[in-house]
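Okay, structure first, notes after.
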Amino acid sequence: MDDATSARRLVDLTAPPSTGAYLREVWRRREFAVVVPAQDLRAQNMDTALGQLWHLLNPALLVGVYFFIFGVLLDTRRGVDNFLGFLIVGIVLFHLTQRVVQDAAVCMVRNMGLIRSIQFPRILLPLATVNGQTLAFLPALAVALLAILATGERPSLRWLLVLAVLAAVYVFNVGAALLVARIGASVRDLERLLPHLMRLLFYGSGVIFSVEAFVTSEAWRRVFALNPVYDLITCARWCLLGTGVDRSVVIGLVAWCAVLPVAGFIAFRSAERRFGS
Amino acid sequence: MTGPPTDVTVRVEDVHVYYRVYEDPRAGLKQNFSQGRVRRQFSIIEAVRGVTLDLHESETLGLIGANGSGKSTLLAAMTGLLPLKSGTIRGRSRPSLLGVSSALRPALSGRRNILIGGLALGFTRAEIEGRMDEIIDFAGLRDAIDRPMRTYSSGMRARLNFAIATARIPEILLIDEALAVGDEDFRVRSAKRIDEVRAAAGSVVLVSHNMAEIERSCHRAAWLDDGVLRAVGEPGEVVPAYLASYSSGRSRSSG
């Protein structure tokens, strides 16, 4: 029967793809999530006098301001030998995650036109966000490493481990971006709330003070170890500056990096078909 | 049903598409609280209500109807962009909506936009670079290709958009009022490209308010009225019926 043959050749266009097919399509289109944010970065600073230099100046100025206020005026240096190096690692890493999260919160709304007109795995949008901010972070990282050398640190084999920490930062950021993009797409209020949440996270991550020196209660230190950003920064400081790191911090970091991307993926994909509406 | 069933490329069966629209409340905050309403109010728009339609090989179907009658929603549903309330859409391959303008960046050059637009459509970087010259020539932008896109005229932008979007000819092409772009020369070339889709035994759906164009280039016309198909058939019959509904004042002025 003709009708039966033709019906067999027609596939259901509205059924969501399996997770495997979805991931294969993401992989096939991976260049989108790298090239497009790289081009956007280029466009971003095209009309400023200092252009691409801003990717270096921004973190450098941040470190300068915090060093003056917290290092010199308020003297939170307590318990830290190389406070400038300590600040640089904290601020540069925190800044990256902050930018990823804030950008991810609006990435679905900003790309609504694209979502409504072209069919592609939506996960490419938060991935492009993470890649774009990571690309923008690389020059800042180079400057940070030079600045840490200038503060008198000498590279050792432990410095190589910072690569593992950076990989963890990337994995964590992907998970965070997926989750935040998912929430930000349906709850627009998140964008307003985020600056306050990020400020809380900033002080809760020991970016500008040593938690070990200031927090004496064992229970509270456990709470800090639950904070993934504190874990990331503390591990990076251990690699580059040789400051202390508790085992709970390393365990916390590994756990976050294992759980968050999976949770983020599941949450994001469950809303995949609702992003355009 | 027209035509033998073997040449069906897309089968739309009893499709309903609804979406939510949040209302801008007329009442102030105070009234809302006094009425105990904390959550914002929304209404359900029933954009497409029970449409059944087949597309066949080598045919162009014209989709006509008043603004807000559900034409664009139906196209979006066919590409899989919108979830269906009920019904099924099956096809030989995924139809694609012509156009890539939402991916393009005005601050960047035409050449970089070809790369970005191509990646958004699912090309690899190597594929785009292999077709770069062909796309630039088709768009007729050889001299302007390294200038920022924001310096382009609207016709130049539309040509770039069309050239990127048709760099790969899909089997099933959906066009939402895109043909009225560019000068006469470009119009001829774009019409030729759409003919290529049909020549390859594909199907084209054309949404247009230009009735002369529908009668000229479509094999069949489908008239959508308030989310329901009013008539499907020869453009020579459906178009006059649609136009007559206006003069008799039966059709909604907007929807």
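Ordered as shown in the structure tokens, chains take letters A, B, and onward, while each chain numbers its residues from 1 and ligands are numbered from 1 in the order shown.
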Would you give me, as an mmCIF file with C-alpha atoms, in the first residue's frame, the residues of chain A that come within 7 Å of chain B, using only C-alpha atoms?
data_model
loop_
_atom_site.group_PDB
_atom_site.id
_atom_site.type_symbol
_atom_site.label_atom_id
_atom_site.label_comp_id
_atom_site.auth_asym_id
_atom_site.auth_seq_id
_atom_site.Cartn_x
_atom_site.Cartn_y
_atom_site.Cartn_z
ATOM 1 C CA ASP A 2 1.365 3.328 -1.091
ATOM 2 C CA ASP A 3 0.154 5.220 1.923
ATOM 3 C CA SER A 6 5.068 6.936 2.467
ATOM 4 C CA ARG A 9 9.426 7.435 5.373
ATOM 5 C CA LEU A 10 8.027 10.360 7.325
ATOM 6 C CA VAL A 11 9.622 10.943 10.703
ATOM 7 C CA ASP A 12 8.029 12.756 13.618
ATOM 8 C CA LEU A 13 9.416 16.297 13.542
ATOM 9 C CA THR A 14 8.088 17.361 16.901
ATOM 10 C CA ARG A 29 27.881 22.231 15.891
ATOM 11 C CA GLU A 31 32.341 25.481 16.349
ATOM 12 C CA PHE A 32 29.324 27.744 16.815
ATOM 13 C CA VAL A 36 30.628 33.188 17.616
ATOM 14 C CA ALA A 43 32.963 43.467 18.365
ATOM 15 C CA GLY A 113 15.299 36.048 17.864
ATOM 16 C CA LEU A 114 17.709 33.235 17.068
ATOM 17 C CA ARG A 116 12.537 31.638 17.458
ATOM 18 C CA SER A 117 13.883 31.334 13.934
ATOM 19 C CA GLN A 119 16.454 25.081 15.087
ATOM 20 C CA ARG A 273 11.443 23.284 23.887
ATOM 21 C CA SER A 277 7.820 30.830 24.100
#
Inset, instruction - Determine the nearest neighbour of Ser270 of chain A from the options A:Leu179, A:Ala168, A:Val187, A:Met198, counting only C-alpha atoms. - result: A:Leu179
Legend entry - Residue among A:Leu232, A:Ala142, A:Ala38, A:Leu260 lying closest to Val165 of chain A, counting only C-alpha atoms: A:Leu232
Inset, instruction - Could you tell me how far atom CA of Gly79 of chain A lies from atom CA of Phe137 of chain A, in Å and to one decimal? - result: 28.4 Å
Legend entry - Polymer residues at most 12 Å from segment 185-189 of chain B, only C-alpha atoms, same-chain spacing of 4 or more positions, as a ChimeraX atom specification: /B:137-141,155-156,158-160,162-163,166,178-181,193-196
Inset, instruction - Output as a PyMOL selection string all residues of segment 117-193 of chain B that backbone DSSP marks as helix (DSSP H, G or I). - result: chain B and resi 117-120+125-139+149-151+154-165+184-193
Would you list, as a compact mmCIF listing (two decimals) with all heavy atoms, in the first residue's frame, the residues of segment 30-228 of chain B that end up in strand (DSSP E or B) under DSSP run on this structure's backbone?
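File selection_29.txt, as written:
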# COMPACT_ATOMS: atom_id res chain seq x y z
N PHE B 42 -2.13 35.91 32.74
CA PHE B 42 -1.78 35.65 31.35
C PHE B 42 -3.00 35.08 30.65
O PHE B 42 -3.93 34.60 31.29
CB PHE B 42 -0.59 34.70 31.24
CG PHE B 42 -0.84 33.36 31.85
CD1 PHE B 42 -1.48 32.37 31.13
CD2 PHE B 42 -0.41 33.08 33.14
CE1 PHE B 42 -1.72 31.12 31.69
CE2 PHE B 42 -0.64 31.84 33.70
CZ PHE B 42 -1.29 30.86 32.98
N SER B 43 -2.98 35.20 29.34
CA SER B 43 -4.06 34.57 28.60
C SER B 43 -3.45 33.61 27.60
O SER B 43 -2.28 33.73 27.24
CB SER B 43 -4.91 35.62 27.89
OG SER B 43 -4.09 36.50 27.19
N ILE B 44 -4.24 32.62 27.20
CA ILE B 44 -3.77 31.62 26.24
C ILE B 44 -4.20 32.07 24.84
O ILE B 44 -5.39 32.33 24.62
CB ILE B 44 -4.40 30.25 26.56
CG1 ILE B 44 -4.05 29.82 27.99
CG2 ILE B 44 -3.97 29.21 25.53
CD1 ILE B 44 -2.70 29.23 28.17
N ILE B 45 -3.26 32.19 23.96
CA ILE B 45 -3.58 32.52 22.57
C ILE B 45 -3.64 31.20 21.80
O ILE B 45 -2.68 30.44 21.78
CB ILE B 45 -2.47 33.40 21.95
CG1 ILE B 45 -2.25 34.67 22.76
CG2 ILE B 45 -2.82 33.72 20.49
CD1 ILE B 45 -3.33 35.69 22.66
N GLU B 46 -4.79 30.95 21.19
CA GLU B 46 -4.92 29.73 20.39
C GLU B 46 -4.57 30.09 18.95
O GLU B 46 -5.42 30.44 18.15
CB GLU B 46 -6.35 29.19 20.51
CG GLU B 46 -6.74 28.92 21.96
CD GLU B 46 -8.14 28.35 22.09
OE1 GLU B 46 -8.79 28.10 21.06
OE2 GLU B 46 -8.57 28.15 23.23
N ALA B 47 -3.27 30.03 18.64
CA ALA B 47 -2.78 30.56 17.37
C ALA B 47 -3.13 29.65 16.19
O ALA B 47 -3.46 30.13 15.12
CB ALA B 47 -1.28 30.78 17.45
N VAL B 48 -3.01 28.35 16.41
CA VAL B 48 -3.35 27.39 15.35
C VAL B 48 -4.29 26.36 15.96
O VAL B 48 -4.01 25.79 17.01
CB VAL B 48 -2.07 26.70 14.79
CG1 VAL B 48 -2.45 25.57 13.85
CG2 VAL B 48 -1.17 27.71 14.09
N ARG B 49 -5.45 26.16 15.33
CA ARG B 49 -6.48 25.31 15.94
C ARG B 49 -6.92 24.23 14.97
O ARG B 49 -7.82 24.42 14.17
CB ARG B 49 -7.68 26.17 16.34
CG ARG B 49 -7.31 27.32 17.28
CD ARG B 49 -8.51 28.13 17.68
NE ARG B 49 -9.07 28.83 16.54
CZ ARG B 49 -10.36 29.14 16.42
NH1 ARG B 49 -11.21 28.77 17.35
NH2 ARG B 49 -10.80 29.80 15.37
N GLY B 50 -6.22 23.11 15.01
CA GLY B 50 -6.67 21.95 14.24
C GLY B 50 -6.40 22.03 12.75
O GLY B 50 -7.30 21.84 11.95
N VAL B 51 -5.15 22.29 12.39
CA VAL B 51 -4.80 22.36 10.97
C VAL B 51 -4.31 21.01 10.48
O VAL B 51 -3.47 20.37 11.12
CB VAL B 51 -3.72 23.44 10.72
CG1 VAL B 51 -3.14 23.31 9.32
CG2 VAL B 51 -4.30 24.83 10.93
N THR B 52 -4.85 20.57 9.35
CA THR B 52 -4.40 19.34 8.69
C THR B 52 -4.02 19.69 7.27
O THR B 52 -4.80 20.33 6.56
CB THR B 52 -5.52 18.28 8.70
OG1 THR B 52 -5.80 17.94 10.07
CG2 THR B 52 -5.09 17.03 7.95
N LEU B 53 -2.81 19.31 6.86
CA LEU B 53 -2.30 19.78 5.57
C LEU B 53 -1.16 18.86 5.12
O LEU B 53 -0.33 18.47 5.95
CB LEU B 53 -1.77 21.21 5.76
CG LEU B 53 -1.35 22.03 4.55
CD1 LEU B 53 -2.54 22.30 3.65
CD2 LEU B 53 -0.76 23.36 5.02
N ASP B 54 -1.13 18.53 3.83
CA ASP B 54 0.00 17.77 3.29
C ASP B 54 0.79 18.64 2.32
O ASP B 54 0.21 19.43 1.59
CB ASP B 54 -0.49 16.55 2.50
CG ASP B 54 -0.79 15.37 3.42
OD1 ASP B 54 -0.55 15.51 4.64
OD2 ASP B 54 -1.26 14.33 2.92
N LEU B 55 2.09 18.47 2.34
CA LEU B 55 2.92 19.10 1.30
C LEU B 55 3.43 17.99 0.40
O LEU B 55 3.71 16.90 0.88
CB LEU B 55 4.15 19.79 1.92
CG LEU B 55 3.94 21.03 2.77
CD1 LEU B 55 5.30 21.58 3.16
CD2 LEU B 55 3.17 22.07 1.98
N HIS B 56 3.54 18.31 -0.89
CA HIS B 56 3.98 17.28 -1.84
C HIS B 56 5.29 17.66 -2.48
O HIS B 56 5.72 18.81 -2.42
CB HIS B 56 2.90 17.07 -2.90
CG HIS B 56 1.58 16.74 -2.31
ND1 HIS B 56 0.52 17.62 -2.30
CD2 HIS B 56 1.15 15.63 -1.65
CE1 HIS B 56 -0.51 17.07 -1.69
NE2 HIS B 56 -0.15 15.86 -1.28
N GLU B 59 6.30 20.99 -5.14
CA GLU B 59 5.21 21.97 -5.16
C GLU B 59 5.55 23.17 -4.28
O GLU B 59 6.30 23.07 -3.31
CB GLU B 59 3.88 21.35 -4.73
CG GLU B 59 3.63 21.39 -3.25
CD GLU B 59 2.18 21.14 -2.86
OE1 GLU B 59 1.29 21.24 -3.73
OE2 GLU B 59 1.94 20.86 -1.68
N THR B 60 4.97 24.30 -4.66
CA THR B 60 5.02 25.48 -3.82
C THR B 60 3.62 25.75 -3.31
O THR B 60 2.68 25.86 -4.10
CB THR B 60 5.52 26.71 -4.61
OG1 THR B 60 6.83 26.44 -5.09
CG2 THR B 60 5.57 27.94 -3.71
N LEU B 61 3.51 25.81 -1.99
CA LEU B 61 2.21 26.08 -1.37
C LEU B 61 2.22 27.52 -0.86
O LEU B 61 3.12 27.90 -0.12
CB LEU B 61 1.97 25.12 -0.22
CG LEU B 61 0.68 25.36 0.57
CD1 LEU B 61 -0.50 24.70 -0.10
CD2 LEU B 61 0.82 24.89 2.01
N GLY B 62 1.23 28.28 -1.26
CA GLY B 62 1.11 29.65 -0.75
C GLY B 62 0.23 29.65 0.48
O GLY B 62 -0.84 29.07 0.48
N LEU B 63 0.72 30.29 1.56
CA LEU B 63 -0.07 30.35 2.79
C LEU B 63 -0.52 31.79 2.96
O LEU B 63 0.31 32.70 3.06
CB LEU B 63 0.81 29.89 3.96
CG LEU B 63 0.15 29.54 5.28
CD1 LEU B 63 -0.94 28.52 5.11
CD2 LEU B 63 1.21 29.03 6.27
N ILE B 64 -1.84 32.00 2.92
CA ILE B 64 -2.35 33.37 3.00
C ILE B 64 -3.30 33.51 4.19
O ILE B 64 -3.76 32.52 4.76
CB ILE B 64 -3.08 33.78 1.70
CG1 ILE B 64 -4.25 32.84 1.41
CG2 ILE B 64 -2.10 33.79 0.52
CD1 ILE B 64 -5.05 33.25 0.19
N SER B 86 -1.39 19.78 20.58
CA SER B 86 -1.76 18.43 20.18
C SER B 86 -1.58 18.30 18.68
O SER B 86 -1.33 19.28 17.99
CB SER B 86 -3.21 18.13 20.58
OG SER B 86 -4.07 19.01 19.87
N GLY B 87 -1.71 17.09 18.18
CA GLY B 87 -1.52 16.84 16.76
C GLY B 87 -0.11 16.36 16.46
O GLY B 87 0.72 16.23 17.38
N THR B 88 0.14 16.03 15.17
CA THR B 88 1.48 15.57 14.81
C THR B 88 1.94 16.26 13.53
O THR B 88 1.13 16.65 12.69
CB THR B 88 1.50 14.04 14.54
OG1 THR B 88 0.59 13.76 13.49
CG2 THR B 88 1.16 13.24 15.77
N ILE B 89 3.25 16.40 13.43
CA ILE B 89 3.86 16.87 12.19
C ILE B 89 4.95 15.88 11.84
O ILE B 89 5.87 15.66 12.63
CB ILE B 89 4.44 18.29 12.34
CG1 ILE B 89 3.34 19.28 12.73
CG2 ILE B 89 5.10 18.73 11.02
CD1 ILE B 89 3.83 20.69 12.93
N ARG B 90 4.81 15.24 10.69
CA ARG B 90 5.85 14.32 10.26
C ARG B 90 6.39 14.78 8.92
O ARG B 90 5.68 15.45 8.16
CB ARG B 90 5.28 12.89 10.16
CG ARG B 90 5.00 12.27 11.53
CD ARG B 90 4.32 10.95 11.41
NE ARG B 90 3.07 11.06 10.68
CZ ARG B 90 2.59 10.10 9.90
NH1 ARG B 90 3.24 8.98 9.76
NH2 ARG B 90 1.45 10.28 9.25
N GLY B 91 7.64 14.45 8.64
CA GLY B 91 8.20 14.90 7.38
C GLY B 91 9.39 14.05 6.98
O GLY B 91 9.91 13.28 7.78
N SER B 96 13.25 23.92 6.97
CA SER B 96 13.94 25.06 7.57
C SER B 96 13.34 26.36 7.08
O SER B 96 12.93 26.51 5.94
CB SER B 96 15.44 25.00 7.32
OG SER B 96 15.68 24.72 5.98
N LEU B 97 13.30 27.28 8.04
CA LEU B 97 12.73 28.59 7.80
C LEU B 97 13.82 29.44 7.15
O LEU B 97 14.93 29.52 7.67
CB LEU B 97 12.32 29.17 9.15
CG LEU B 97 11.31 30.29 9.25
CD1 LEU B 97 10.02 29.94 8.55
CD2 LEU B 97 11.03 30.56 10.73
N SER B 109 31.88 42.66 10.02
CA SER B 109 31.87 42.75 8.56
C SER B 109 30.96 41.67 7.95
O SER B 109 30.61 40.69 8.60
CB SER B 109 33.28 42.56 8.03
OG SER B 109 33.69 41.23 8.22
N PRO B 148 31.70 46.89 7.97
CA PRO B 148 30.72 46.46 8.99
C PRO B 148 29.32 46.40 8.39
O PRO B 148 28.96 47.25 7.57
CB PRO B 148 30.79 47.55 10.06
CG PRO B 148 32.11 48.21 9.85
CD PRO B 148 32.45 48.07 8.40
N ILE B 172 12.96 20.91 2.29
CA ILE B 172 11.68 21.57 2.54
C ILE B 172 11.97 22.98 3.04
O ILE B 172 12.59 23.17 4.09
CB ILE B 172 10.85 20.79 3.57
CG1 ILE B 172 10.60 19.37 3.04
CG2 ILE B 172 9.53 21.50 3.85
CD1 ILE B 172 10.50 18.33 4.11
N LEU B 173 11.55 23.95 2.26
CA LEU B 173 11.92 25.34 2.54
C LEU B 173 10.67 26.13 2.91
O LEU B 173 9.67 26.09 2.19
CB LEU B 173 12.59 25.93 1.30
CG LEU B 173 13.08 27.38 1.37
CD1 LEU B 173 14.15 27.53 2.42
CD2 LEU B 173 13.61 27.81 0.00
N LEU B 174 10.74 26.85 4.03
CA LEU B 174 9.62 27.69 4.46
C LEU B 174 10.05 29.14 4.35
O LEU B 174 11.09 29.53 4.87
CB LEU B 174 9.24 27.37 5.91
CG LEU B 174 9.10 25.88 6.26
CD1 LEU B 174 8.78 25.72 7.75
CD2 LEU B 174 8.03 25.23 5.42
N ILE B 175 9.25 29.94 3.66
CA ILE B 175 9.63 31.32 3.41
C ILE B 175 8.56 32.24 3.97
O ILE B 175 7.39 32.17 3.58
CB ILE B 175 9.79 31.59 1.90
CG1 ILE B 175 10.79 30.59 1.30
CG2 ILE B 175 10.24 33.02 1.66
CD1 ILE B 175 10.84 30.65 -0.20
N ASP B 176 8.95 33.09 4.91
CA ASP B 176 7.99 34.00 5.53
C ASP B 176 8.21 35.41 4.99
O ASP B 176 9.00 36.17 5.53
CB ASP B 176 8.17 33.96 7.07
CG ASP B 176 6.95 34.50 7.79
OD1 ASP B 176 6.13 35.17 7.13
OD2 ASP B 176 6.84 34.26 9.00
N SER B 203 9.83 20.72 -1.36
CA SER B 203 8.60 21.51 -1.24
C SER B 203 8.94 22.89 -0.70
O SER B 203 9.89 23.05 0.05
CB SER B 203 7.61 20.86 -0.28
OG SER B 203 7.42 19.52 -0.62
N VAL B 204 8.14 23.86 -1.11
CA VAL B 204 8.32 25.22 -0.63
C VAL B 204 6.98 25.70 -0.07
O VAL B 204 5.94 25.47 -0.68
CB VAL B 204 8.76 26.16 -1.77
CG1 VAL B 204 8.91 27.59 -1.27
CG2 VAL B 204 10.06 25.67 -2.41
N VAL B 205 7.03 26.32 1.13
CA VAL B 205 5.83 27.00 1.64
C VAL B 205 6.15 28.48 1.66
O VAL B 205 7.17 28.90 2.20
CB VAL B 205 5.46 26.53 3.06
CG1 VAL B 205 4.22 27.29 3.55
CG2 VAL B 205 5.19 25.05 3.09
N LEU B 206 5.27 29.25 1.04
CA LEU B 206 5.52 30.68 0.90
C LEU B 206 4.40 31.45 1.60
O LEU B 206 3.24 31.31 1.25
CB LEU B 206 5.56 31.02 -0.59
CG LEU B 206 5.68 32.48 -0.98
CD1 LEU B 206 7.00 33.06 -0.51
CD2 LEU B 206 5.56 32.62 -2.50
N VAL B 207 4.79 32.22 2.63
CA VAL B 207 3.80 33.08 3.29
C VAL B 207 3.94 34.46 2.66
O VAL B 207 5.04 35.01 2.61
CB VAL B 207 4.06 33.17 4.81
CG1 VAL B 207 3.25 34.32 5.41
CG2 VAL B 207 3.69 31.87 5.48
N ARG B 220 -0.52 25.57 -5.16
CA ARG B 220 -1.73 25.52 -4.34
C ARG B 220 -1.68 26.68 -3.36
O ARG B 220 -0.60 27.18 -3.03
CB ARG B 220 -1.80 24.22 -3.54
CG ARG B 220 -2.21 23.00 -4.37
CD ARG B 220 -2.57 21.84 -3.44
NE ARG B 220 -1.47 21.54 -2.53
CZ ARG B 220 -1.64 20.96 -1.34
NH1 ARG B 220 -2.84 20.62 -0.92
NH2 ARG B 220 -0.60 20.70 -0.58
N ALA B 221 -2.84 27.07 -2.87
CA ALA B 221 -2.89 28.09 -1.84
C ALA B 221 -3.70 27.56 -0.67
O ALA B 221 -4.64 26.79 -0.86
CB ALA B 221 -3.51 29.38 -2.38
N ALA B 222 -3.27 27.95 0.56
CA ALA B 222 -4.01 27.56 1.76
C ALA B 222 -4.34 28.84 2.50
O ALA B 222 -3.48 29.68 2.73
CB ALA B 222 -3.18 26.63 2.63
N TRP B 223 -5.61 28.97 2.85
CA TRP B 223 -6.08 30.20 3.50
C TRP B 223 -6.33 29.91 4.98
O TRP B 223 -7.17 29.09 5.32
CB TRP B 223 -7.34 30.67 2.78
CG TRP B 223 -8.12 31.75 3.46
CD1 TRP B 223 -7.70 32.59 4.45
CD2 TRP B 223 -9.48 32.11 3.21
NE1 TRP B 223 -8.69 33.44 4.82
CE2 TRP B 223 -9.79 33.18 4.07
CE3 TRP B 223 -10.44 31.63 2.31
CZ2 TRP B 223 -11.05 33.78 4.09
CZ3 TRP B 223 -11.69 32.24 2.33
CH2 TRP B 223 -12.00 33.30 3.21
N LEU B 224 -5.56 30.58 5.80
CA LEU B 224 -5.65 30.40 7.25
C LEU B 224 -6.43 31.58 7.83
O LEU B 224 -6.11 32.74 7.56
CB LEU B 224 -4.24 30.34 7.83
CG LEU B 224 -3.99 29.60 9.14
CD1 LEU B 224 -4.52 28.19 9.08
CD2 LEU B 224 -2.50 29.58 9.43
N ASP B 225 -7.48 31.28 8.59
CA ASP B 225 -8.29 32.35 9.16
C ASP B 225 -8.47 32.07 10.65
O ASP B 225 -9.10 31.08 11.02
CB ASP B 225 -9.65 32.39 8.43
CG ASP B 225 -10.54 33.50 8.97
OD1 ASP B 225 -10.00 34.51 9.47
OD2 ASP B 225 -11.77 33.34 8.89
N VAL B 228 -7.59 28.57 11.76
CA VAL B 228 -8.29 27.44 11.13
C VAL B 228 -8.11 27.56 9.62
O VAL B 228 -8.17 28.65 9.07
CB VAL B 228 -9.79 27.46 11.49
CG1 VAL B 228 -10.52 26.32 10.81
CG2 VAL B 228 -9.96 27.40 13.00
Inset, instruction - Quick one: everything within 9 Å of Leu93 of chain A, counting only C-alpha atoms, minus sequence neighbours fewer than 4 positions away in the same chain. Send it as a VMD selection string. - result: chain A and resid 88 to 89 97 to 98 137 141 169 229 232 to 233 236
Legend entry - Coordinates-based distance that separates atom CA of Ser208 of chain B from atom CA of Val232 of chain B (Å, one decimal):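 Straight-line distance from atom CA of Val232 of chain B to atom CA of Ser208 of chain B works out to 15.3 Å.
In this structure, atom CA of Leu124 of chain A sits 19.0 Å away from atom CA of Ala167 of chain A.
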Legend entry - B:Ile145, B:Gly65, B:Ile214, B:Ile135 ranked by distance to Leu243 of chain B, top pick (using only C-alpha atoms): B:Gly65
Inset, instruction - Could you tell me which of B:Asp183, B:Arg111, B:Val12, B:Lys85 comes closest to Ala144 of chain B if we count only C-alpha atoms? - result: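 Of B:Asp183, B:Arg111, B:Val12, B:Lys85, the one nearest Ala144 of chain B is B:Arg111, counting only C-alpha atoms.
Taking only C-alpha atoms, the non-local environment of Phe70 of chain A within 10 Å (same-chain residues fewer than 4 positions away omitted) comprises Val65, Tyr66, Leu74, Asp75, Thr76, Arg77, Phe83, Leu87, Ile208 and Phe209 of chain A.
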I need the residues from that last selection saved to file as a PDB file, in the first residue's frame (with N, CA, C and O atoms), if you can.
ATOM      1  N   VAL A  65      42.240  48.391  43.168  1.00  0.00           N
ATOM      2  CA  VAL A  65      41.269  49.009  44.078  1.00  0.00           C
ATOM      3  C   VAL A  65      41.145  48.197  45.364  1.00  0.00           C
ATOM      4  O   VAL A  65      41.190  48.739  46.478  1.00  0.00           O
ATOM      5  N   TYR A  66      40.997  46.864  45.225  1.00  0.00           N
ATOM      6  CA  TYR A  66      40.831  46.036  46.417  1.00  0.00           C
ATOM      7  C   TYR A  66      42.096  46.024  47.260  1.00  0.00           C
ATOM      8  O   TYR A  66      42.035  45.992  48.493  1.00  0.00           O
ATOM      9  N   LEU A  74      42.172  48.904  55.310  1.00  0.00           N
ATOM     10  CA  LEU A  74      41.512  48.084  56.332  1.00  0.00           C
ATOM     11  C   LEU A  74      42.416  46.969  56.856  1.00  0.00           C
ATOM     12  O   LEU A  74      42.101  46.348  57.850  1.00  0.00           O
ATOM     13  N   ASP A  75      43.478  46.726  56.172  1.00  0.00           N
ATOM     14  CA  ASP A  75      44.441  45.704  56.553  1.00  0.00           C
ATOM     15  C   ASP A  75      43.804  44.336  56.843  1.00  0.00           C
ATOM     16  O   ASP A  75      43.827  43.848  57.967  1.00  0.00           O
ATOM     17  N   THR A  76      43.229  43.755  55.794  1.00  0.00           N
ATOM     18  CA  THR A  76      42.763  42.371  55.943  1.00  0.00           C
ATOM     19  C   THR A  76      43.892  41.405  55.589  1.00  0.00           C
ATOM     20  O   THR A  76      43.655  40.225  55.392  1.00  0.00           O
ATOM     21  N   ARG A  77      45.120  41.940  55.519  1.00  0.00           N
ATOM     22  CA  ARG A  77      46.262  41.104  55.122  1.00  0.00           C
ATOM     23  C   ARG A  77      46.573  40.026  56.147  1.00  0.00           C
ATOM     24  O   ARG A  77      47.347  39.118  55.891  1.00  0.00           O
ATOM     25  N   PHE A  83      49.989  39.041  50.157  1.00  0.00           N
ATOM     26  CA  PHE A  83      48.589  39.438  50.050  1.00  0.00           C
ATOM     27  C   PHE A  83      48.220  39.862  48.626  1.00  0.00           C
ATOM     28  O   PHE A  83      47.119  39.589  48.168  1.00  0.00           O
ATOM     29  N   LEU A  87      45.269  38.253  46.527  1.00  0.00           N
ATOM     30  CA  LEU A  87      44.172  39.017  45.938  1.00  0.00           C
ATOM     31  C   LEU A  87      44.019  38.735  44.449  1.00  0.00           C
ATOM     32  O   LEU A  87      42.906  38.572  43.948  1.00  0.00           O
ATOM     33  N   ILE A 208      38.936  38.435  49.328  1.00  0.00           N
ATOM     34  CA  ILE A 208      39.785  39.541  49.799  1.00  0.00           C
ATOM     35  C   ILE A 208      40.248  39.361  51.234  1.00  0.00           C
ATOM     36  O   ILE A 208      40.855  40.250  51.809  1.00  0.00           O
ATOM     37  N   PHE A 209      39.977  38.209  51.828  1.00  0.00           N
ATOM     38  CA  PHE A 209      40.515  37.949  53.169  1.00  0.00           C
ATOM     39  C   PHE A 209      40.740  36.453  53.329  1.00  0.00           C
ATOM     40  O   PHE A 209      40.134  35.648  52.619  1.00  0.00           O
TER      41      PHE A 209
END
Test item: residues at most 10 Å from Gly184 of chain A, only C-alpha atoms, excluding those fewer than 3 positions along its chain, as a PDB file with C-alpha atoms, in the first residue's frame:
ATOM      1  CA  GLN A 102      25.638  37.158  34.873  1.00  0.00           C
ATOM      2  CA  ASP A 103      25.951  36.594  31.133  1.00  0.00           C
ATOM      3  CA  ALA A 104      24.274  33.186  31.312  1.00  0.00           C
ATOM      4  CA  ALA A 105      21.273  34.696  33.109  1.00  0.00           C
ATOM      5  CA  VAL A 106      20.451  36.809  30.049  1.00  0.00           C
ATOM      6  CA  CYS A 107      21.832  34.645  27.231  1.00  0.00           C
ATOM      7  CA  MET A 108      18.498  32.992  26.365  1.00  0.00           C
ATOM      8  CA  VAL A 109      16.545  36.243  26.419  1.00  0.00           C
ATOM      9  CA  ALA A 177      25.781  28.609  33.259  1.00  0.00           C
ATOM     10  CA  LEU A 178      23.313  25.858  32.301  1.00  0.00           C
ATOM     11  CA  LEU A 179      21.433  26.181  35.560  1.00  0.00           C
ATOM     12  CA  VAL A 180      21.386  29.975  35.558  1.00  0.00           C
ATOM     13  CA  ALA A 181      20.443  30.159  31.859  1.00  0.00           C
ATOM     14  CA  VAL A 187      12.368  34.115  35.753  1.00  0.00           C
ATOM     15  CA  ARG A 188      13.481  37.474  34.397  1.00  0.00           C
ATOM     16  CA  ASP A 189      13.783  38.799  37.954  1.00  0.00           C
ATOM     17  CA  LEU A 190      16.934  36.728  38.350  1.00  0.00           C
ATOM     18  CA  GLU A 191      18.891  39.343  36.449  1.00  0.00           C
ATOM     19  CA  LEU A 194      22.036  38.317  40.724  1.00  0.00           C
TER      20      LEU A 194
END
Inset, instruction - Can you work out which one of A:Pro121, A:Val63, A:Pro37, A:Ala15 has the shortest atom-to-atom distance to Phe265 of chain A, counting only C-alpha atoms? - result: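 Closest to Phe265 of chain A, using only C-alpha atoms: A:Pro121.
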Inset, instruction - May I ask which of the residues A:Glu212, A:Trp220, A:Leu201, A:Gly175 is the closest one to Ala258 of chain A, counting only C-alpha atoms? - result: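 Comparing A:Glu212, A:Trp220, A:Leu201, A:Gly175 against Ala258 of chain A, the winner is A:Gly175.
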